[in-house]
$ cat coords-v4.cif   # mmCIF, C-alpha atoms
data_query
loop_
_atom_site.label_atom_id
_atom_site.label_comp_id
_atom_site.auth_asym_id
_atom_site.auth_seq_id
_atom_site.Cartn_x
_atom_site.Cartn_y
_atom_site.Cartn_z
CA MET A 1 89.26 96.12 129.94
CA LEU A 2 88.95 94.07 126.77
CA LYS A 3 91.95 95.83 125.29
CA TRP A 4 93.95 95.12 128.42
CA ARG A 5 93.05 91.42 128.26
CA LYS A 6 93.88 91.17 124.57
CA LYS A 7 97.24 92.78 125.17
CA ASN A 8 98.08 90.33 127.92
CA VAL A 9 96.98 87.26 125.97
CA SER A 10 99.20 88.20 123.06
CA LYS A 11 102.11 88.93 125.41
CA ASN A 12 101.72 85.54 127.08
CA THR A 13 101.62 83.72 123.73
CA LYS A 14 104.81 85.44 122.65
CA GLN A 15 106.52 84.51 125.92
CA THR A 16 105.57 80.87 125.53
CA GLU A 17 106.98 80.75 122.02
CA ALA A 18 110.18 82.50 123.10
CA ASP A 19 110.38 80.17 126.08
CA ARG A 20 110.29 77.15 123.78
CA ARG A 21 112.96 78.43 121.44
CA SER A 22 115.49 79.98 123.83
CA THR A 23 118.24 77.99 125.51
CA PRO A 24 119.07 79.32 128.96
CA ALA A 25 121.23 77.42 131.44
CA ASP A 26 118.59 75.05 132.85
CA ARG A 27 117.59 73.80 129.44
CA THR A 28 118.89 70.79 127.57
CA VAL A 29 118.54 71.06 123.81
CA MET A 30 119.49 68.24 121.45
CA SER A 31 119.29 70.02 118.12
CA PRO A 32 118.64 68.55 114.66
CA GLY A 33 121.54 66.60 113.19
CA TRP A 34 122.34 64.70 116.39
CA GLN A 35 121.76 61.00 116.98
CA VAL A 36 121.58 59.97 120.60
CA LYS A 37 121.28 56.45 121.98
CA GLY A 38 121.09 55.72 125.67
CA ARG A 39 119.68 56.99 128.91
CA ILE A 40 118.83 60.60 129.75
CA TYR A 41 117.89 61.51 133.30
CA GLY A 42 117.91 64.41 135.75
CA LYS A 43 116.14 67.67 136.38
CA GLY A 44 115.14 70.51 134.07
CA ARG A 45 113.55 71.19 130.71
CA VAL A 46 114.60 68.90 127.87
CA ILE A 47 114.00 69.70 124.21
CA ILE A 48 114.69 66.95 121.67
CA GLN A 49 114.82 67.89 118.01
CA CYS A 50 117.03 65.02 116.84
CA ALA A 51 116.99 61.24 116.52
CA TYR A 52 116.91 59.57 119.92
CA GLU A 53 116.54 56.02 121.12
CA GLY A 54 116.52 55.02 124.75
CA GLU A 55 115.04 55.74 128.12
CA LEU A 56 114.39 59.28 129.26
CA GLU A 57 113.26 60.12 132.78
CA ILE A 58 113.29 63.71 133.96
CA GLN A 59 111.77 65.96 136.58
CA GLY A 60 110.63 68.76 134.37
CA PRO A 61 108.93 69.35 131.04
CA LEU A 62 109.84 67.43 127.90
CA ILE A 63 109.42 68.74 124.37
CA ILE A 64 109.85 66.36 121.45
CA ASP A 65 109.94 68.90 118.70
CA SER A 66 109.64 68.41 114.96
CA PRO A 67 111.73 67.00 113.19
CA ALA A 68 112.64 64.67 116.07
CA MET A 69 112.26 60.90 115.62
CA VAL A 70 112.40 59.16 118.95
CA LYS A 71 111.95 55.63 120.20
CA GLY A 72 111.78 54.25 123.72
CA PHE A 73 110.41 55.13 127.13
CA PHE A 74 109.72 58.73 128.15
CA ARG A 75 108.70 59.91 131.60
CA ALA A 76 108.40 63.60 132.46
CA GLU A 77 106.06 66.15 134.02
CA ASP A 78 104.50 67.88 131.00
CA ILE A 79 105.18 66.33 127.62
CA ARG A 80 104.68 68.12 124.30
CA VAL A 81 105.16 66.20 121.07
CA GLY A 82 105.57 67.68 117.61
CA GLY A 83 107.75 64.95 116.13
CA CYS A 84 107.53 61.19 115.64
CA LEU A 85 107.53 58.90 118.65
CA GLU A 86 107.46 55.15 119.00
CA GLY A 87 107.23 53.69 122.48
CA ARG A 88 105.75 54.67 125.80
CA LEU A 89 104.98 58.14 127.18
CA GLU A 90 104.27 58.71 130.86
CA SER A 91 103.40 62.15 132.11
CA SER A 92 102.47 63.19 135.63
CA ARG A 93 100.70 66.35 134.41
CA GLY A 94 99.68 66.26 130.79
CA VAL A 95 100.53 65.34 127.21
CA HIS A 96 100.03 67.74 124.31
CA LEU A 97 100.23 66.39 120.77
CA GLU A 98 100.82 69.07 118.16
CA GLU A 99 99.40 68.83 114.64
CA THR A 100 102.69 67.39 113.37
CA ALA A 101 102.88 64.71 116.09
CA ARG A 102 102.83 61.04 115.26
CA VAL A 103 102.79 58.69 118.22
CA ASP A 104 102.80 54.89 118.01
CA GLY A 105 102.61 53.22 121.39
CA GLN A 106 101.24 53.74 124.87
CA VAL A 107 100.41 57.01 126.57
CA GLN A 108 99.75 57.35 130.28
CA THR A 109 98.69 60.79 131.44
CA PRO A 110 96.01 62.48 133.51
CA ARG A 111 95.39 64.97 130.68
CA LEU A 112 95.68 64.60 126.91
CA HIS A 113 95.33 67.32 124.32
CA MET A 114 95.50 66.49 120.63
CA GLU A 115 95.60 69.16 117.97
CA SER A 116 93.82 68.56 114.71
CA GLY A 117 96.13 66.50 112.51
CA ALA A 118 97.98 64.78 115.35
CA GLN A 119 98.19 61.00 115.02
CA LEU A 120 98.03 58.62 117.94
CA ASN A 121 98.03 54.88 117.30
CA GLY A 122 98.06 52.80 120.44
CA GLU A 123 96.74 52.70 123.95
CA VAL A 124 95.88 55.57 126.25
CA ALA A 125 95.55 55.22 130.01
CA MET A 126 94.28 58.17 131.98
CA PRO A 127 94.64 57.61 135.69
CA ALA A 128 93.34 60.19 138.14
CA ARG A 129 95.86 62.99 138.52
CA ASP A 130 96.64 62.05 142.15
CA ALA A 131 97.28 58.40 141.25
CA SER A 132 99.61 59.44 138.46
CA VAL A 133 101.54 61.76 140.74
CA LYS A 134 101.82 58.95 143.31
CA GLY A 135 103.10 56.59 140.64
CA TRP A 136 105.58 59.20 139.52
CA GLU A 137 106.86 59.69 143.07
CA GLN A 138 107.13 55.92 143.64
CA GLY A 139 109.01 55.52 140.37
CA LYS A 140 111.68 58.00 141.46
CA MET B 1 152.55 69.91 122.74
CA THR B 2 152.24 73.66 122.59
CA ALA B 3 152.39 75.23 125.94
CA ALA B 4 150.50 77.43 128.24
CA LYS B 5 149.49 80.40 126.26
CA GLN B 6 147.15 82.65 128.19
CA THR B 7 144.15 83.65 126.13
CA PRO B 8 140.86 85.13 127.25
CA SER B 9 138.77 82.36 128.70
CA GLY B 10 135.90 81.48 126.39
CA SER B 11 132.48 81.01 127.87
CA PRO B 12 130.32 78.30 126.28
CA SER B 13 128.46 80.90 124.27
CA GLU B 14 131.69 82.31 122.93
CA THR B 15 133.23 78.99 122.04
CA SER B 16 130.20 77.21 120.65
CA GLY B 17 127.84 79.54 118.91
CA ARG B 18 126.08 78.96 115.64
CA GLU B 19 129.24 78.42 113.68
CA ASP B 20 128.83 76.89 110.23
CA GLY B 21 125.08 77.51 110.47
CA GLN B 22 124.73 74.54 112.81
CA PRO B 23 122.45 75.07 115.80
CA ARG B 24 124.10 74.56 119.15
CA ALA B 25 123.10 71.67 121.38
CA VAL B 26 123.25 72.03 125.16
CA ILE B 27 123.24 69.50 127.99
CA SER B 28 122.27 71.46 131.09
CA ARG B 29 123.85 71.06 134.51
CA ASP B 30 121.25 68.78 136.14
CA ILE B 31 120.99 66.39 133.21
CA CYS B 32 122.99 63.21 132.64
CA ILE B 33 123.27 61.35 129.34
CA GLU B 34 124.68 57.83 129.32
CA GLY B 35 125.23 56.37 125.88
CA GLU B 36 126.32 57.39 122.42
CA LEU B 37 126.02 60.85 120.89
CA GLU B 38 126.82 61.51 117.25
CA GLY B 39 126.31 64.80 115.48
CA ARG B 40 127.41 67.46 113.05
CA GLY B 41 127.02 70.57 115.19
CA ASN B 42 128.47 72.17 118.29
CA LEU B 43 127.73 70.94 121.78
CA VAL B 44 128.02 72.57 125.20
CA ILE B 45 128.10 70.21 128.18
CA GLU B 46 127.12 71.75 131.49
CA GLY B 47 125.88 68.44 132.93
CA ARG B 48 127.22 64.89 132.79
CA VAL B 49 127.95 62.64 129.84
CA LYS B 50 129.11 59.03 129.96
CA GLY B 51 129.86 56.85 126.97
CA ARG B 52 130.97 58.07 123.54
CA LEU B 53 130.66 61.45 121.83
CA GLN B 54 131.48 62.23 118.22
CA THR B 55 130.78 65.38 116.23
CA ALA B 56 132.01 67.28 113.21
CA GLY B 57 131.63 70.48 115.24
CA ASP B 58 133.09 71.80 118.48
CA VAL B 59 132.58 70.54 122.01
CA CYS B 60 132.83 72.74 125.09
CA ILE B 61 132.79 71.21 128.56
CA ALA B 62 131.63 74.07 130.79
CA VAL B 63 132.80 74.61 134.37
CA SER B 64 129.96 72.49 135.76
CA GLY B 65 130.45 69.80 133.09
CA ASN B 66 131.65 66.30 133.95
CA VAL B 67 132.45 63.94 131.12
CA GLU B 68 133.40 60.28 131.18
CA ALA B 69 133.07 59.78 127.46
CA VAL B 70 135.55 59.30 124.68
CA ILE B 71 135.31 62.49 122.60
CA ALA B 72 136.10 63.01 118.92
CA ALA B 73 135.42 66.55 117.64
CA ARG B 74 136.87 69.45 115.66
CA ASN B 75 137.80 71.63 118.66
CA ILE B 76 137.47 70.64 122.30
CA THR B 77 137.46 73.23 125.08
CA ILE B 78 137.64 71.98 128.67
CA GLN B 79 136.54 74.27 131.46
CA GLY B 80 135.15 71.46 133.63
CA ARG B 81 136.29 67.86 134.11
CA VAL B 82 136.97 65.12 131.58
CA ASN B 83 137.95 61.57 132.55
CA ALA B 84 138.46 59.92 129.16
CA ASN B 85 140.57 59.94 126.03
CA ILE B 86 139.86 62.78 123.63
CA GLU B 87 140.76 63.60 120.03
CA ALA B 88 140.36 66.90 118.18
CA ARG B 89 141.01 67.39 114.47
CA GLU B 90 142.12 70.92 115.32
CA THR B 91 142.66 72.22 118.87
CA VAL B 92 142.24 71.00 122.42
CA THR B 93 142.16 73.83 124.96
CA ILE B 94 142.27 73.16 128.69
CA GLU B 95 141.29 76.36 130.44
CA PRO B 96 142.59 77.41 133.87
CA GLN B 97 139.96 75.54 135.87
CA GLY B 98 139.78 72.60 133.44
CA ILE B 99 140.81 69.04 134.26
CA LEU B 100 141.67 66.32 131.75
CA ILE B 101 142.51 62.85 133.03
CA GLY B 102 143.12 60.83 129.88
CA ASP B 103 145.04 60.80 126.63
CA CYS B 104 144.80 63.74 124.27
CA ARG B 105 145.36 63.77 120.47
CA ALA B 106 145.06 66.98 118.48
CA ARG B 107 146.73 69.18 115.92
CA SER B 108 147.45 71.66 118.70
CA ILE B 109 147.02 71.52 122.45
CA GLN B 110 146.76 74.54 124.70
CA ILE B 111 147.04 74.03 128.43
CA HIS B 112 146.43 77.20 130.39
CA GLU B 113 148.06 77.98 133.71
CA GLY B 114 146.10 76.36 136.53
CA ALA B 115 144.70 73.60 134.32
CA ARG B 116 145.32 69.93 135.18
CA PHE B 117 146.27 67.30 132.63
CA GLU B 118 147.22 63.72 133.43
CA GLY B 119 147.74 61.50 130.41
CA ARG B 120 149.62 61.16 127.17
CA SER B 121 149.50 63.75 124.43
CA GLU B 122 150.00 63.29 120.71
CA ILE B 123 150.15 65.97 118.04
CA LEU B 124 148.39 65.05 114.81
CA LYS B 125 150.03 66.07 111.54
#

$ encode --input "coords-v4.cif" --output "structure tokens"
Amino acid sequence: MLKWRKKNVSKNTKQTEADRRSTPADRTVMSPGWQVKGRIYGKGRVIIQCAYEGELEIQGPLIIDSPAMVKGFFRAEDIRVGGCLEGRLESSRGVHLEETARVDGQVQTPRLHMESGAQLNGEVAMPARDASVKGWEQGK
Amino acid sequence: MTAAKQTPSGSPSETSGREDGQPRAVISRDICIEGELEGRGNLVIEGRVKGRLQTAGDVCIAVSGNVEAVIAARNITIQGRVNANIEARETVTIEPQGILIGDCRARSIQIHEGARFEGRSEILK
């Protein structure tokens, strides 16, 4: 039983990592070396690894991966940050700050997970999950 | 302008891989970017882009792609729709289902049978 569980845990971890790195059709990836200024909106997973400044609003998960340096307003379902961010983050599900994350600004989320080493300088608001979902739906 | 030479149609993965060691960027079909994009690598557009796009690499507008952005790149492949002026240092290819409404400047221009092009063309030397 224990062996079975161990096997599955390791399989799931591998899938998550592969999921983050692969680029199938429903995935937007702005890779390192790009500089983007402006508005990004729509549906699907967005992975930012480059310099970005603007307003991003998506229905789907957002990954701000190292070495990304981003500035502006970000609204998405789940948000994972490994890069540098200045501005406001709004998540309807949860925010995960990786050990390499540096966030200066405001974070609004029903759940916040910070890895050891992550930096967060600013304000955090944690509304009840239902209220956040309502706000998200009204904002659409 | 060089004319309609039929070549195998390149899918985004064929036309914009990891050439020159640069990772490929992708804008997926349900995503819209309005603004300015500048880069060194290749880009595949399956969604919508409005504004200005400049890269040292290649740009491929996939079948579902819709672009209203001035493009400057090394090679530009159009399988979807582009409503803007474009310039390629090397080749512009408009594939059979591709549409370009705008001016086109490039060292060579390939317009495949079935493609639509409305605009002026200029061959760079």

$ interface_residues --input "coords-v4.cif" --of "chain A" --to "chain B" --cutoff "9 Å" --atoms "all atoms listed in the file" --output "tab-separated table (two decimals) with C-alpha atoms, in the frame of the given file"
chain	number	residue	atom	x	y	z
A	23	THR	CA	118.24	77.99	125.51
A	24	PRO	CA	119.07	79.32	128.96
A	25	ALA	CA	121.23	77.42	131.44
A	26	ASP	CA	118.59	75.05	132.85
A	27	ARG	CA	117.59	73.80	129.44
A	28	THR	CA	118.89	70.79	127.57
A	29	VAL	CA	118.54	71.06	123.81
A	30	MET	CA	119.49	68.24	121.45
A	31	SER	CA	119.29	70.02	118.12
A	32	PRO	CA	118.64	68.55	114.66
A	33	GLY	CA	121.54	66.60	113.19
A	34	TRP	CA	122.34	64.70	116.39
A	35	GLN	CA	121.76	61.00	116.98
A	36	VAL	CA	121.58	59.97	120.60
A	37	LYS	CA	121.28	56.45	121.98
A	38	GLY	CA	121.09	55.72	125.67
A	39	ARG	CA	119.68	56.99	128.91
A	40	ILE	CA	118.83	60.60	129.75
A	41	TYR	CA	117.89	61.51	133.30
A	42	GLY	CA	117.91	64.41	135.75
A	43	LYS	CA	116.14	67.67	136.38
A	44	GLY	CA	115.14	70.51	134.07
A	45	ARG	CA	113.55	71.19	130.71
A	46	VAL	CA	114.60	68.90	127.87
A	54	GLY	CA	116.52	55.02	124.75
A	58	ILE	CA	113.29	63.71	133.96

$ closest_residue --input "coords-v4.cif" --among "B:Ile94, B:Arg120, B:Ile101, B:Val67" --to "Gln79 in chain B" --atoms "only C-alpha atoms"
B:Ile94

$ residues_around --input "coords-v4.cif" --residues "Val81 in chain A" --least-positions-apart "5" --cutoff "6 Å" --atoms "only C-alpha atoms" --output "NGL selection string"
:A and (63-65 or 97-98 or 101)

$ residues_near_point --input "coords-v4.cif" --point "(135.8, 58.1, 125.1)" --cutoff "9 Å" --atoms "only C-alpha atoms" --output "list in words"
Lys50, Gly51, Arg52, Leu53, Glu68, Ala69, Val70, Ile71, Ala72, Asn83, Ala84, Asn85, Ile86 and Glu87 of chain B

$ residues_around --input "coords-v4.cif" --residues "Leu85 in chain A" --least-positions-apart "3" --cutoff "9 Å" --atoms "all atoms listed in the file" --output "PyMOL selection string"
chain A and resi 64+68-72+81+88-89+101-105

$ axis_aligned_box --input "coords-v4.cif" --around "range 40-44 of chain A" --padding-each-side "3 Å" --output "lines of an AutoDock Vina configuration file"
center_x = 117.0
center_y = 65.6
center_z = 133.1
size_x = 9.7
size_y = 15.9
size_z = 12.6

$ residues_around --input "coords-v4.cif" --residues "His113 in chain A" --least-positions-apart "2" --cutoff "9 Å" --atoms "only C-alpha atoms" --output "ChimeraX atom specification"
/A:94-98,111,115

$ write_last_selection --input "coords-v4.cif" --atoms "C-alpha atoms" --output "short mmCIF file (atom, residue, chain, number, x, y, z; two decimals), in the frame of the given file"
data_model
loop_
_atom_site.label_atom_id
_atom_site.label_comp_id
_atom_site.auth_asym_id
_atom_site.auth_seq_id
_atom_site.Cartn_x
_atom_site.Cartn_y
_atom_site.Cartn_z
CA GLY A 94 99.68 66.26 130.79
CA VAL A 95 100.53 65.34 127.21
CA HIS A 96 100.03 67.74 124.31
CA LEU A 97 100.23 66.39 120.77
CA GLU A 98 100.82 69.07 118.16
CA ARG A 111 95.39 64.97 130.68
CA GLU A 115 95.60 69.16 117.97
#

$ residues_around --input "coords-v4.cif" --residues "Ser91 in chain A" --least-positions-apart "2" --cutoff "6 Å" --atoms "all atoms listed in the file" --output "ChimeraX atom specification"
/A:75-78,93-94,109

$ closest_residue --input "coords-v4.cif" --among "B:Gly119, B:Gly114, B:Gly65, B:Gly102" --to "Thr77 in chain B" --atoms "all atoms listed in the file"
B:Gly65

$ residues_around --input "coords-v4.cif" --residues "Phe73 in chain A" --least-positions-apart "5" --cutoff "9 Å" --atoms "all atoms listed in the file" --output "PDB file with C-alpha atoms, keeping the file's coordinate frame"
ATOM      1  CA  GLU A  53     116.540  56.020 121.120  1.00  0.00           C
ATOM      2  CA  GLY A  54     116.520  55.020 124.750  1.00  0.00           C
ATOM      3  CA  GLU A  55     115.040  55.740 128.120  1.00  0.00           C
ATOM      4  CA  LEU A  56     114.390  59.280 129.260  1.00  0.00           C
ATOM      5  CA  GLU A  57     113.260  60.120 132.780  1.00  0.00           C
ATOM      6  CA  GLU A  86     107.460  55.150 119.000  1.00  0.00           C
ATOM      7  CA  GLY A  87     107.230  53.690 122.480  1.00  0.00           C
ATOM      8  CA  ARG A  88     105.750  54.670 125.800  1.00  0.00           C
ATOM      9  CA  LEU A  89     104.980  58.140 127.180  1.00  0.00           C
ATOM     10  CA  GLU A  90     104.270  58.710 130.860  1.00  0.00           C
TER      11      GLU A  90
END
